[in-house]
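Structure data (CSV, C-alpha atoms) from structure26.csv:
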```
chain,number,residue,atom,x,y,z
S,1,GLY,CA,0.0,0.0,0.0
S,2,ALA,CA,0.8,3.7,0.0
S,3,VAL,CA,2.0,4.0,-3.6
S,4,VAL,CA,2.8,7.4,-5.1
S,5,SER,CA,3.2,7.8,-8.9
S,6,GLN,CA,4.5,10.6,-11.0
S,7,HIS,CA,4.1,11.4,-14.6
S,8,PRO,CA,6.1,11.9,-16.7
S,9,SER,CA,9.2,10.1,-15.6
S,10,TRP,CA,11.4,12.1,-17.9
S,11,VAL,CA,10.7,15.2,-19.9
S,12,ILE,CA,12.7,17.3,-22.3
S,13,CYS,CA,11.4,20.7,-23.3
S,14,LYS,CA,12.5,23.8,-25.0
S,15,SER,CA,13.4,27.0,-23.1
S,16,GLY,CA,10.3,29.2,-22.6
S,17,THR,CA,7.7,26.4,-22.6
S,18,SER,CA,5.8,25.2,-19.6
S,19,VAL,CA,5.8,21.7,-18.2
S,20,LYS,CA,3.3,20.0,-16.0
S,21,ILE,CA,4.2,17.2,-13.6
S,22,GLU,CA,1.5,15.0,-12.0
S,23,CYS,CA,1.8,13.4,-8.6
S,24,ARG,CA,-0.8,10.8,-7.7
S,25,SER,CA,-1.5,8.7,-4.6
S,26,LEU,CA,-2.8,5.5,-6.0
S,27,ASP,CA,-4.2,3.6,-3.0
S,28,PHE,CA,-4.7,6.2,-0.3
S,29,GLN,CA,-6.0,9.7,0.2
S,30,ALA,CA,-3.1,12.1,0.7
S,31,THR,CA,-3.8,14.7,3.3
S,32,THR,CA,-0.7,16.6,2.3
S,33,MET,CA,1.6,16.5,-0.7
S,34,PHE,CA,5.1,17.9,-1.0
S,35,TRP,CA,7.2,18.9,-3.9
S,36,TYR,CA,11.0,18.6,-3.8
S,37,ARG,CA,13.8,19.5,-6.1
S,38,GLN,CA,17.0,17.6,-6.1
S,39,PHE,CA,20.2,18.6,-7.9
S,40,PRO,CA,22.9,16.0,-8.6
S,41,LYS,CA,24.7,14.7,-5.5
S,42,GLN,CA,22.6,16.9,-3.3
S,43,SER,CA,19.8,16.5,-0.8
S,44,LEU,CA,16.1,17.0,-1.4
S,45,MET,CA,15.1,20.6,-1.3
S,46,LEU,CA,11.5,21.2,-0.2
S,47,MET,CA,9.8,23.6,-2.7
S,48,ALA,CA,6.3,23.7,-1.4
S,49,THR,CA,3.7,21.9,0.7
S,50,SER,CA,0.1,21.6,-0.5
S,51,ASN,CA,-3.1,20.5,1.2
S,52,GLU,CA,-6.1,19.5,-0.9
S,53,GLY,CA,-8.3,22.5,-1.8
S,54,SER,CA,-6.0,25.2,-0.4
S,55,LYS,CA,-3.1,27.2,-1.7
S,56,ALA,CA,0.3,25.7,-1.5
S,57,THR,CA,2.8,27.0,1.0
S,58,TYR,CA,6.1,27.8,-0.7
S,59,GLU,CA,9.5,27.7,0.9
S,60,GLN,CA,11.6,30.8,1.0
S,61,GLY,CA,13.2,31.5,-2.3
S,62,VAL,CA,10.8,29.4,-4.4
S,63,GLU,CA,9.0,31.5,-7.0
S,64,LYS,CA,5.2,31.0,-6.7
S,65,ASP,CA,4.5,32.3,-10.2
S,66,LYS,CA,7.1,30.1,-11.8
S,67,PHE,CA,6.3,26.8,-10.0
S,68,LEU,CA,2.5,26.6,-9.9
S,69,ILE,CA,1.1,23.9,-7.7
S,70,ASN,CA,-2.5,22.7,-7.8
S,71,HIS,CA,-3.9,20.2,-5.4
S,72,ALA,CA,-7.3,19.7,-6.7
S,73,SER,CA,-8.1,16.4,-5.0
S,74,LEU,CA,-6.9,14.1,-2.3
S,75,THR,CA,-5.1,11.9,-4.8
S,76,LEU,CA,-3.7,14.4,-7.3
S,77,SER,CA,-1.3,17.3,-7.1
S,78,THR,CA,0.4,19.0,-10.1
S,79,LEU,CA,3.5,21.1,-10.4
S,80,THR,CA,3.7,23.3,-13.5
S,81,VAL,CA,7.1,24.8,-14.3
S,82,THR,CA,6.2,27.9,-16.3
S,83,SER,CA,8.5,29.5,-18.9
S,84,ALA,CA,11.2,26.9,-18.2
S,85,HIS,CA,14.8,27.7,-18.5
S,86,PRO,CA,17.9,25.5,-18.5
S,87,GLU,CA,18.6,26.3,-14.9
S,88,ASP,CA,15.2,24.7,-14.0
S,89,SER,CA,16.6,21.4,-15.2
S,90,SER,CA,16.5,19.1,-12.2
S,91,PHE,CA,15.0,16.0,-10.6
S,92,TYR,CA,11.6,16.8,-9.2
S,93,ILE,CA,10.1,14.5,-6.6
S,94,CYS,CA,6.7,14.6,-4.9
S,95,SER,CA,5.7,12.9,-1.7
S,96,ALA,CA,2.5,12.4,0.3
S,97,THR,CA,1.4,11.8,3.8
S,98,THR,CA,-1.6,9.7,4.7
S,99,GLY,CA,-2.4,11.1,8.1
S,100,LYS,CA,-1.9,7.7,9.6
S,101,TYR,CA,1.8,7.5,9.1
S,102,VAL,CA,3.8,10.5,10.1
S,103,GLY,CA,6.5,9.9,7.4
S,104,GLN,CA,6.2,10.6,3.7
S,105,TYR,CA,5.8,8.3,0.7
S,106,PHE,CA,7.8,9.4,-2.3
S,107,GLY,CA,7.0,9.3,-5.9
S,108,PRO,CA,9.6,8.0,-8.4
S,109,GLY,CA,10.6,11.4,-9.5
S,110,THR,CA,10.6,13.4,-12.8
S,111,ARG,CA,13.7,14.3,-14.5
S,112,LEU,CA,13.3,17.6,-16.3
S,113,THR,CA,15.8,18.8,-19.0
S,114,VAL,CA,15.3,22.2,-20.5
S,115,THR,CA,17.2,22.8,-23.7
G,1,GLY,CA,13.6,26.2,12.2
G,2,GLU,CA,15.1,22.7,12.3
G,3,ASN,CA,18.7,22.1,11.3
G,4,VAL,CA,19.9,18.6,10.5
G,5,GLU,CA,23.6,17.9,10.2
G,6,GLN,CA,24.7,14.6,8.7
G,7,HIS,CA,28.2,13.0,8.7
G,8,PRO,CA,30.1,11.8,7.0
G,9,SER,CA,29.2,13.0,3.5
G,10,THR,CA,31.0,10.0,1.9
G,11,LEU,CA,31.8,6.6,3.4
G,12,SER,CA,33.7,3.7,1.9
G,13,VAL,CA,33.8,0.3,3.7
G,14,GLN,CA,34.9,-3.2,2.8
G,15,GLU,CA,32.2,-5.7,2.2
G,16,GLY,CA,31.3,-7.4,5.5
G,17,ASP,CA,32.3,-4.4,7.6
G,18,SER,CA,29.9,-2.1,9.5
G,19,ALA,CA,28.9,1.4,8.4
G,20,VAL,CA,27.8,4.1,10.8
G,21,ILE,CA,26.1,7.4,9.7
G,22,LYS,CA,25.4,10.1,12.3
G,23,CYS,CA,22.9,13.0,12.3
G,24,THR,CA,22.3,15.7,14.8
G,25,TYR,CA,19.2,17.9,15.0
G,26,SER,CA,18.4,21.2,16.6
G,27,ASP,CA,14.7,21.3,17.3
G,28,SER,CA,13.9,19.4,20.5
G,29,ALA,CA,10.3,19.2,19.4
G,30,SER,CA,11.2,16.8,16.5
G,31,ASN,CA,9.6,13.5,17.3
G,32,TYR,CA,10.2,11.2,14.4
G,33,PHE,CA,13.4,10.2,12.6
G,34,PRO,CA,13.3,8.2,9.4
G,35,TRP,CA,16.2,7.1,7.4
G,36,TYR,CA,16.0,6.9,3.6
G,37,LYS,CA,18.1,5.0,1.0
G,38,GLN,CA,18.3,6.6,-2.4
G,39,GLU,CA,19.8,4.8,-5.4
G,40,LEU,CA,20.9,6.9,-8.4
G,41,GLY,CA,18.0,8.4,-10.2
G,42,LYS,CA,15.4,6.7,-8.0
G,43,ARG,CA,13.1,7.8,-5.2
G,44,PRO,CA,14.1,7.8,-1.5
G,45,GLN,CA,13.1,4.5,0.1
G,46,LEU,CA,12.4,4.3,3.9
G,47,ILE,CA,14.6,1.8,5.4
G,48,ILE,CA,14.1,2.3,9.1
G,49,ASP,CA,12.6,4.9,11.4
G,50,ILE,CA,12.5,5.7,15.1
G,51,ARG,CA,10.1,7.7,17.3
G,52,SER,CA,11.3,10.0,20.0
G,53,ASN,CA,10.1,7.7,22.8
G,54,VAL,CA,12.4,4.9,21.7
G,55,GLY,CA,16.1,4.7,22.1
G,56,GLU,CA,17.0,2.0,19.6
G,57,LYS,CA,15.4,0.0,16.9
G,58,LYS,CA,16.8,-2.9,14.8
G,59,ASP,CA,15.7,-4.6,11.6
G,60,GLN,CA,18.0,-7.4,10.5
G,61,ARG,CA,21.3,-5.7,9.5
G,62,ILE,CA,20.1,-2.2,10.1
G,63,ALA,CA,19.7,-0.4,13.4
G,64,VAL,CA,19.0,3.1,14.5
G,65,THR,CA,19.8,4.7,17.8
G,66,LEU,CA,18.5,7.9,19.2
G,67,ASN,CA,19.8,10.1,22.0
G,68,LYS,CA,17.2,12.7,22.7
G,69,THR,CA,19.2,14.5,25.3
G,70,ALA,CA,22.1,15.1,22.9
G,71,LYS,CA,19.8,15.4,19.9
G,72,HIS,CA,21.5,13.0,17.7
G,73,PHE,CA,20.6,9.7,16.0
G,74,SER,CA,22.7,7.2,14.1
G,75,LEU,CA,22.2,4.6,11.4
G,76,HIS,CA,24.2,1.3,11.8
G,77,ILE,CA,24.5,-1.2,9.0
G,78,THR,CA,26.3,-4.4,9.8
G,79,GLU,CA,27.7,-7.0,7.4
G,80,THR,CA,27.6,-4.6,4.6
G,81,GLN,CA,27.0,-5.8,1.0
G,82,PRO,CA,27.6,-4.2,-2.3
G,83,GLU,CA,23.9,-3.6,-2.8
G,84,ASP,CA,24.0,-1.4,0.3
G,85,SER,CA,25.9,1.2,-1.8
G,86,ALA,CA,23.6,4.2,-2.2
G,87,VAL,CA,23.0,7.7,-0.7
G,88,TYR,CA,21.5,7.6,2.7
G,89,PHE,CA,19.5,10.5,4.1
G,90,CYS,CA,18.4,11.1,7.7
G,91,ALA,CA,15.4,13.3,8.4
G,92,ALA,CA,13.9,14.9,11.5
G,93,ILE,CA,10.1,15.3,11.6
G,94,ARG,CA,8.1,17.5,13.9
G,95,SER,CA,4.5,16.5,13.8
G,96,GLY,CA,1.5,17.3,15.9
G,97,ALA,CA,-1.0,19.9,16.9
G,98,GLY,CA,-1.8,20.8,13.3
G,99,SER,CA,1.9,21.3,12.3
G,100,TYR,CA,4.3,19.2,10.3
G,101,GLN,CA,7.8,19.8,9.3
G,102,LEU,CA,10.4,17.5,7.8
G,103,THR,CA,14.0,18.4,7.4
G,104,PHE,CA,16.5,16.2,5.6
G,105,GLY,CA,20.2,15.9,6.2
G,106,LYS,CA,22.5,16.5,3.3
G,107,GLY,CA,23.1,12.8,2.7
G,108,THR,CA,25.9,10.2,2.9
G,109,LYS,CA,27.2,8.4,-0.1
G,110,LEU,CA,28.0,4.9,1.0
G,111,SER,CA,30.2,2.7,-1.1
G,112,VAL,CA,30.7,-0.9,-0.2
G,113,ILE,CA,33.8,-2.3,-1.8
G,114,PRO,CA,33.6,-6.0,-2.8
```
This structure in structure tokens:
Amino acid sequence: GAVVSQHPSWVICKSGTSVKIECRSLDFQATTMFWYRQFPKQSLMLMATSNEGSKATYEQGVEKDKFLINHASLTLSTLTVTSAHPEDSSFYICSATTGKYVGQYFGPGTRLTVT
Amino acid sequence: GENVEQHPSTLSVQEGDSAVIKCTYSDSASNYFPWYKQELGKRPQLIIDIRSNVGEKKDQRIAVTLNKTAKHFSLHITETQPEDSAVYFCAAIRSGAGSYQLTFGKGTKLSVIP
């Protein structure tokens, strides 16, 4: 149980375009979802926390208008990287909590490459 | 906010030896401490966790110890195997009363040499 999926796994896009990444909890209702960014050989950096039906809480330094997060249901959260640039290239991972387990279940990640 | 320090950043051990990774945290209100293993390009996988009311927990070759007074916790892997090679992250979670915060350590790259 407690499976989190992400789509797509890998995306290459041109500079200036927008990319949407989906995060789904497959067998549970996620009370809270988290979006992380991970650069090579570095730890996970929390970008934002989102609760279903409310606005996401962004971490300091993360641009809200660039990284749009929508948490429309208890099983789906989306991250849209708007007007992507090469420096946005990274590994983006989502995670979710169930409310029963205090830890987080992680998605498989999405590797974004902006050319 | 919480600050989690993790050491060492890299660790190489011979197959069969033990590996120890240590983390310290700053927020005494943190009450849950998971350890994650992340292989290259993959998601972090929970390998063991410990709550603040427990001092030690063991699961086969993996154990975690927690010293609340000193605010540090450690991961111990015995009889290491090549498949243990990965990056390990500790984390400190403060959960309760409508609040939730998870802070990761910077990671330890473990290499097990056959």
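We find CA of Arg61 (chain G) and CA of Glu15 (chain G) to be spaced 13.1 Å apart.
Within 7 Å of chain G, chain S contributes the residues Gln42, Ser43, Phe106, Gly107, Pro108 and Gly109 of chain S, using only C-alpha atoms.
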Suppose you want the space between CA of Leu112 (chain S) and CA of Ala72 (chain S); what is it in Å?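 So the two atoms, CA of Leu112 (chain S) and CA of Ala72 (chain S), lie 22.8 Å apart.
Closest approach to Lys41 (chain S) among S:Ser90, S:Ser15, S:Ala2, S:Ile21 is made by S:Ser90 (distances from only C-alpha atoms).
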Computed interatomic separation between CA of Val62 (chain S) and CA of Thr80 (chain S) (Å): 13.1 Å
